[in-house]
Amino acid sequence: MLTRYDKYRKLKSGFMSALAVFCAILVVLPLILVFFYLLKMGVSSLSWDFITQLPKPAGEEGGGMANAIVGTLELMGLALVMGVPIGLLGGIYLAEYGGGKTNAWIRFGADVLNGVPSIVWGMVGYILAVVPMGGFSAFSGGLALAFIMVPLVLRTTEEVLVLVPSGYREAASALGIPRWKITYHIVLRTAFKGIVTGVLLALGRVAGETAPILFTALGSNVWNNSIKEPIAALPIQIYYYALSSFPDQNNQAWAGALVLIILVFLLSATVRFLTSRRSKI
Amino acid sequence: MSQTTTSPALPARAADMAEPSRLGNRLFEGLTFVSAMMIGVLFLLVAYVLIDGARLAMSQYGWEFLTNTHWNPVTDNYGALPFIFGTVVTSAIALIIAVPLSIGTAIFLTDLAPLRLRQPLTSIIEMLAAVPSVIWGLWGLFVLLPWLHDYPYTWVSKHLSGIPLVAGPIQGAGACIMSAGIIVAIMILPIVTSVSREILRSVPDLQREAAYGLGATRWEVTRIAVLSYARRGLMGAAVLGLGRALGETMAVTMVVGNSPKINASLLQPGWTLASVIANQFGEAATDIQRSVLFEIGLVLVCVTILVNIGALLLIKSIDGPGSRRA
């Protein structure tokens with residue numbers, strides 16, 4: 001026996017469910033559109049020259065972003081070398097040492113740092129590296145990106161280390177193995193896959209960052225020979241070419257964006273591959 | 001947002017085990033301690049760089065800097081209000097669009113979607129989060145802006161031009177505060193959705209079952225048992241989205257029109273705190289110009305840090321027993 005009011009309630013419930021489905025479609029839609037246009041615009045501009053040639057002067061047809069592709073990888077490498085050890089060791093401290101109060105503060109601080117706009121790290125990199133070194137450089141770009149990586153890696157490392165069963169530590173401790181060796185040989189070894197996952201996620205995040213490297217790495221139209229010189233990067237090149245008034249450069253911006261997104265998704269595909277294999281750590 | 005070390009059934013940590021102290025242990029612990037302290041050092045660095053950089057501007061303009069509406073590099077007359085205005089308005093537009101969509105999607109993902117759809121959809125939303133800002137800017141510039149310009153903006157300016165909020169004339173490329181708000185909305189969708197989803201998952205199933213037991217329909221369960229229980233956490237998700245929206249830089253720079261004006265119309269170009277830094281810092285010619293940009297950075301950081309602290313406190317407050325997150 002359904003009264004009219006019950007029917008109204010059922011109808012309303014159905015309507016709200018439909019609305020939720022509609023929301024989900026609207027959220028997914030931009031991703032589909034971005035992919036569609038990246039493929040449509042990017043593939044037609046992507047060529048062998050694009051990934052092997054240096055940029056041509058504005059207005060000339062052809063040329064590529066080979067130096068920017070290599071530059072992005074180089075900046076990621078620099079950020080990795082400078083940022084990961086600190087984040088990793090900090091994460092070990094939170095998981096293995098430290099008191100509850102201190103750790104809660106560090107954790108909270110790292111979460112707040114994750115929300116600091118990335119452009120600010122560019123300003124910090126500018127003052128700490130560009131000004132003392134007397135010019136823009138790959139090093140300062142890597143440093144600005146490393147600042148972003150530290151809190152990210154610290155949090156993910158801690159999260160996987162606390163998943164390592166305590167029995168492992170206790171068993172090793174019973175054998176008289178020093179604590180640091182337990183951490184290094186057993187805890188880190190066990191959690192290795194999880195740690196790599198966290199590092200790759202952080203790398204994926206900084207690979208596409210533009211704002212922090214805009215006035216640290218600066219960008220360049222030639223090959224980079226030294227970490228003391230400015231270096232090209234895909235995001236910077238995409239930014240300038242997108243705003244360029246030459247259609248040929250606009251098209252190259254799309255091709256660069258396609259290469260960048262492939263790079264980012266290769267990283268996240270690796271993450272998915274690593275995390276899909278049974279264990280959580 | 002996963003549970004970390006607060007539960008009592010914590011795995012034993014190295015520090016809790018009695019053991020004679022050795023040099024290697026001391027060194028290693030010291031090394032990890034110094035690294036963890038780098039979080040504090042990074043805070044100090046940000047504070048030092050911005051305050052030191054802004055000192056010249058602060059002594060020259062004082063508090064008036066925050067309320068001055070002029071921005072004229074030729075006469076060195078600088079005020080931050082147009083950028084504060086642009087940042088607040090674009091973020092507000094972004095929140096108005098993104099928060100209902102995100103919460104709707106989160107409800108769909110936790111309570112409505114068929115089980116085999118949930119994981120793929122969550123992955124897609126994660127992919128959305130991985131798209132770099134500059135690519136959203138590129139897409140916005142060449143796809144979204146022309147479309148917005150040709151259809152909605154043209155229609156609005158034809159039929160509603162009397163309303164100051166949407167007064168024309170629209171700019172040639174469609175670059176305006178509204179466009180920036182829409183792009184930022186798209187960019188904060190993933191984070192607001194994934195945090196909202198975590199929050200809704202943390203609502204104990206007992207809540208839902210009790211409501212179903214009373215004969216509630218699906219929507220009534222969601223409204224009475226889930227949404228009201230999760231209100232604080234969802235607010236946290238929205239505030240976290242606000243923090244991201246305030247600091248969004250590259251995509252905004254590319255679609256906002258970069259004009260230091262305060263305009264009642266959403267269809268007019270504007271500028272934001274983050275995008276003026278990206279746009280001007282590299283070419284700042286004088287010390288005072290650079291210093292002004294540092295002060296803008298200082299304003300931006302203070303606001304985003306406060307907003308983020310608020311968000312984290314709101315989100316933390318809802319972890320309870322019986323939730324699916326534990």
# chains A, B, ... in the order shown; residues from 1 in each chain; ligands from 1
$ residues_around --residues "segment 58-63 of chain B" --least-positions-apart "2" --cutoff "10 Å" --atoms "only C-alpha atoms" --output "PyMOL selection string"
chain B and resi 51-56+65-68+77-79+288+291-292+294-295
$ write_last_selection --atoms "N, CA and C atoms" --output "PDB file, in the first residue's frame"
ATOM      1  N   ILE B  51      59.162  37.532   3.799  1.00  0.00           N
ATOM      2  CA  ILE B  51      59.182  38.738   4.635  1.00  0.00           C
ATOM      3  C   ILE B  51      60.373  39.614   4.277  1.00  0.00           C
ATOM      4  N   ASP B  52      61.537  38.971   4.087  1.00  0.00           N
ATOM      5  CA  ASP B  52      62.723  39.739   3.720  1.00  0.00           C
ATOM      6  C   ASP B  52      62.532  40.420   2.364  1.00  0.00           C
ATOM      7  N   GLY B  53      61.955  39.669   1.429  1.00  0.00           N
ATOM      8  CA  GLY B  53      61.749  40.224   0.099  1.00  0.00           C
ATOM      9  C   GLY B  53      60.745  41.362   0.108  1.00  0.00           C
ATOM     10  N   ALA B  54      59.746  41.267   1.000  1.00  0.00           N
ATOM     11  CA  ALA B  54      58.663  42.252   0.999  1.00  0.00           C
ATOM     12  C   ALA B  54      58.997  43.482   1.839  1.00  0.00           C
ATOM     13  N   ARG B  55      60.148  43.452   2.538  1.00  0.00           N
ATOM     14  CA  ARG B  55      60.422  44.515   3.507  1.00  0.00           C
ATOM     15  C   ARG B  55      60.363  45.909   2.872  1.00  0.00           C
ATOM     16  N   LEU B  56      60.989  46.037   1.709  1.00  0.00           N
ATOM     17  CA  LEU B  56      61.025  47.335   1.026  1.00  0.00           C
ATOM     18  C   LEU B  56      59.612  47.835   0.730  1.00  0.00           C
ATOM     19  N   PHE B  65      48.800  49.185   1.223  1.00  0.00           N
ATOM     20  CA  PHE B  65      49.056  48.301   0.081  1.00  0.00           C
ATOM     21  C   PHE B  65      47.883  47.350  -0.159  1.00  0.00           C
ATOM     22  N   LEU B  66      47.301  46.881   0.932  1.00  0.00           N
ATOM     23  CA  LEU B  66      46.237  45.880   0.812  1.00  0.00           C
ATOM     24  C   LEU B  66      44.930  46.476   0.309  1.00  0.00           C
ATOM     25  N   THR B  67      44.759  47.794   0.438  1.00  0.00           N
ATOM     26  CA  THR B  67      43.486  48.399   0.040  1.00  0.00           C
ATOM     27  C   THR B  67      43.615  49.308  -1.178  1.00  0.00           C
ATOM     28  N   ASN B  68      44.849  49.497  -1.626  1.00  0.00           N
ATOM     29  CA  ASN B  68      45.060  50.351  -2.796  1.00  0.00           C
ATOM     30  C   ASN B  68      44.628  49.615  -4.064  1.00  0.00           C
ATOM     31  N   ASN B  77      53.191  53.086  -8.310  1.00  0.00           N
ATOM     32  CA  ASN B  77      52.051  53.108  -7.409  1.00  0.00           C
ATOM     33  C   ASN B  77      51.427  51.714  -7.416  1.00  0.00           C
ATOM     34  N   TYR B  78      51.655  50.967  -6.306  1.00  0.00           N
ATOM     35  CA  TYR B  78      51.230  49.573  -6.304  1.00  0.00           C
ATOM     36  C   TYR B  78      50.214  49.288  -5.210  1.00  0.00           C
ATOM     37  N   GLY B  79      49.156  48.557  -5.559  1.00  0.00           N
ATOM     38  CA  GLY B  79      48.202  48.094  -4.559  1.00  0.00           C
ATOM     39  C   GLY B  79      47.802  46.660  -4.859  1.00  0.00           C
ATOM     40  N   ILE B 288      61.791  47.745  -6.158  1.00  0.00           N
ATOM     41  CA  ILE B 288      60.484  47.945  -5.521  1.00  0.00           C
ATOM     42  C   ILE B 288      59.434  47.065  -6.175  1.00  0.00           C
ATOM     43  N   SER B 291      59.912  43.640  -4.868  1.00  0.00           N
ATOM     44  CA  SER B 291      59.519  43.599  -3.466  1.00  0.00           C
ATOM     45  C   SER B 291      57.997  43.545  -3.321  1.00  0.00           C
ATOM     46  N   VAL B 292      57.305  44.288  -4.162  1.00  0.00           N
ATOM     47  CA  VAL B 292      55.842  44.277  -4.142  1.00  0.00           C
ATOM     48  C   VAL B 292      55.318  42.872  -4.432  1.00  0.00           C
ATOM     49  N   PHE B 294      56.902  40.108  -3.824  1.00  0.00           N
ATOM     50  CA  PHE B 294      57.130  39.290  -2.630  1.00  0.00           C
ATOM     51  C   PHE B 294      56.023  39.519  -1.614  1.00  0.00           C
ATOM     52  N   GLU B 295      55.593  40.763  -1.479  1.00  0.00           N
ATOM     53  CA  GLU B 295      54.533  41.022  -0.506  1.00  0.00           C
ATOM     54  C   GLU B 295      53.227  40.352  -0.947  1.00  0.00           C
TER      55      GLU B 295
END
$ residues_around --residues "segment 209-216 of chain A" --least-positions-apart "5" --cutoff "6 Å" --atoms "only C-alpha atoms" --output "PyMOL selection string"
(chain A and resi 118-119+121-122+126+136+140-141+144+235-236) or (chain B and resi 282)
$ closest_residue --among "A:Trp105, A:Tyr239, A:Tyr184, A:Phe139" --to "chain B" --atoms "only C-alpha atoms"
A:Tyr239
$ residues_around --residues "Met65 of chain A" --least-positions-apart "6" --cutoff "9 Å" --atoms "only C-alpha atoms" --output "VMD selection string"
chain A and resid 49 to 55 221 232 to 234 237 252 256
$ select_by_dssp --residues "segment 148-216 of chain B" --states "helix (DSSP H, G or I)" --output "ChimeraX atom specification"
/B:148-159,164-166,177-201,205-213
$ residues_around --residues "segment 225-238 of chain B" --least-positions-apart "3" --cutoff "9 Å" --atoms "only C-alpha atoms" --output "PyMOL selection string"
chain B and resi 95+98-99+103+191-196+199-200+202-204+207-211+220-222+241-243+310-319
$ residues_around --residues "Met127 of chain B" --least-positions-apart "2" --cutoff "10 Å" --atoms "only C-alpha atoms" --output "PyMOL selection string"
(chain A and resi 28+31+264-265+268) or (chain B and resi 121-125+129-131+190)
$ residues_around --residues "Ile106 of chain A" --least-positions-apart "3" --cutoff "8 Å" --atoms "only C-alpha atoms" --output "list of chain:residue names"
A:Thr102, A:Asn103, A:Gly109, A:Ala110, B:Ala36, B:Met37, B:Ile39, B:Gly40
$ closest_residue --among "A:Gly125, A:Pro165, A:Gly142, A:Gly135" --to "chain B" --atoms "only C-alpha atoms"
A:Pro165
$ residues_around --residues "segment 169-176 of chain B" --least-positions-apart "5" --cutoff "9 Å" --atoms "only C-alpha atoms" --output "compact mmCIF listing (two decimals) with N, CA and C atoms, in the first residue's frame"
# COMPACT_ATOMS: atom_id res chain seq x y z
N LEU B 141 42.65 27.74 -23.02
CA LEU B 141 42.92 28.82 -23.97
C LEU B 141 42.39 28.51 -25.37
N LEU B 145 37.80 28.46 -23.87
CA LEU B 145 37.54 29.90 -24.03
C LEU B 145 36.78 30.23 -25.31
N PRO B 146 37.24 29.71 -26.47
CA PRO B 146 36.48 30.01 -27.70
C PRO B 146 35.03 29.54 -27.59
N TRP B 147 34.82 28.36 -26.97
CA TRP B 147 33.45 27.85 -26.85
C TRP B 147 32.62 28.75 -25.93
N LEU B 148 33.21 29.08 -24.75
CA LEU B 148 32.49 29.94 -23.82
C LEU B 148 32.17 31.28 -24.49
N HIS B 149 33.13 31.78 -25.24
CA HIS B 149 32.94 33.07 -25.89
C HIS B 149 31.82 33.02 -26.93
N ASP B 150 31.83 31.95 -27.74
CA ASP B 150 30.88 31.89 -28.85
C ASP B 150 29.45 31.60 -28.40
N TYR B 153 28.72 33.20 -23.39
CA TYR B 153 29.01 34.61 -23.18
C TYR B 153 28.27 35.49 -24.18
N THR B 154 28.26 35.06 -25.43
CA THR B 154 27.58 35.84 -26.45
C THR B 154 26.08 35.92 -26.16
N SER B 157 25.52 38.20 -23.15
CA SER B 157 25.71 39.63 -23.42
C SER B 157 24.62 40.17 -24.34
N SER B 161 22.55 41.92 -20.90
CA SER B 161 23.63 42.90 -20.79
C SER B 161 23.31 44.01 -19.78
N GLY B 181 37.47 31.10 -13.21
CA GLY B 181 36.73 30.37 -12.18
C GLY B 181 36.34 28.97 -12.64
N MET B 254 46.75 31.92 -17.80
CA MET B 254 46.50 31.79 -19.23
C MET B 254 45.08 32.17 -19.64
N VAL B 255 44.13 32.19 -18.69
CA VAL B 255 42.75 32.46 -19.12
C VAL B 255 42.08 33.64 -18.42
N VAL B 256 42.76 34.29 -17.47
CA VAL B 256 42.05 35.30 -16.68
C VAL B 256 42.09 36.70 -17.32
N GLY B 257 42.98 36.87 -18.30
CA GLY B 257 43.01 38.15 -18.99
C GLY B 257 44.09 39.10 -18.50
N ASN B 258 44.63 38.84 -17.30
CA ASN B 258 45.75 39.62 -16.75
C ASN B 258 45.57 41.13 -16.85
N LEU B 266 31.60 39.70 -14.20
CA LEU B 266 32.42 38.48 -14.22
C LEU B 266 32.98 38.21 -15.60
N LEU B 267 32.44 38.90 -16.60
CA LEU B 267 32.90 38.66 -17.97
C LEU B 267 34.02 39.61 -18.37
N GLN B 268 34.57 40.33 -17.40
CA GLN B 268 35.69 41.22 -17.68
C GLN B 268 36.99 40.58 -17.19
N PRO B 269 38.11 40.91 -17.84
CA PRO B 269 39.38 40.33 -17.39
C PRO B 269 39.75 40.81 -15.99
N GLY B 270 40.52 39.99 -15.30
CA GLY B 270 41.02 40.35 -13.98
C GLY B 270 42.41 39.77 -13.81
N TRP B 271 42.83 39.65 -12.57
CA TRP B 271 44.15 39.10 -12.29
C TRP B 271 44.10 38.48 -10.90
$ closest_residue --among "A:Val259, A:Val206, A:Ile195, A:Val81" --to "Leu145 of chain A" --atoms "only C-alpha atoms"
A:Val206
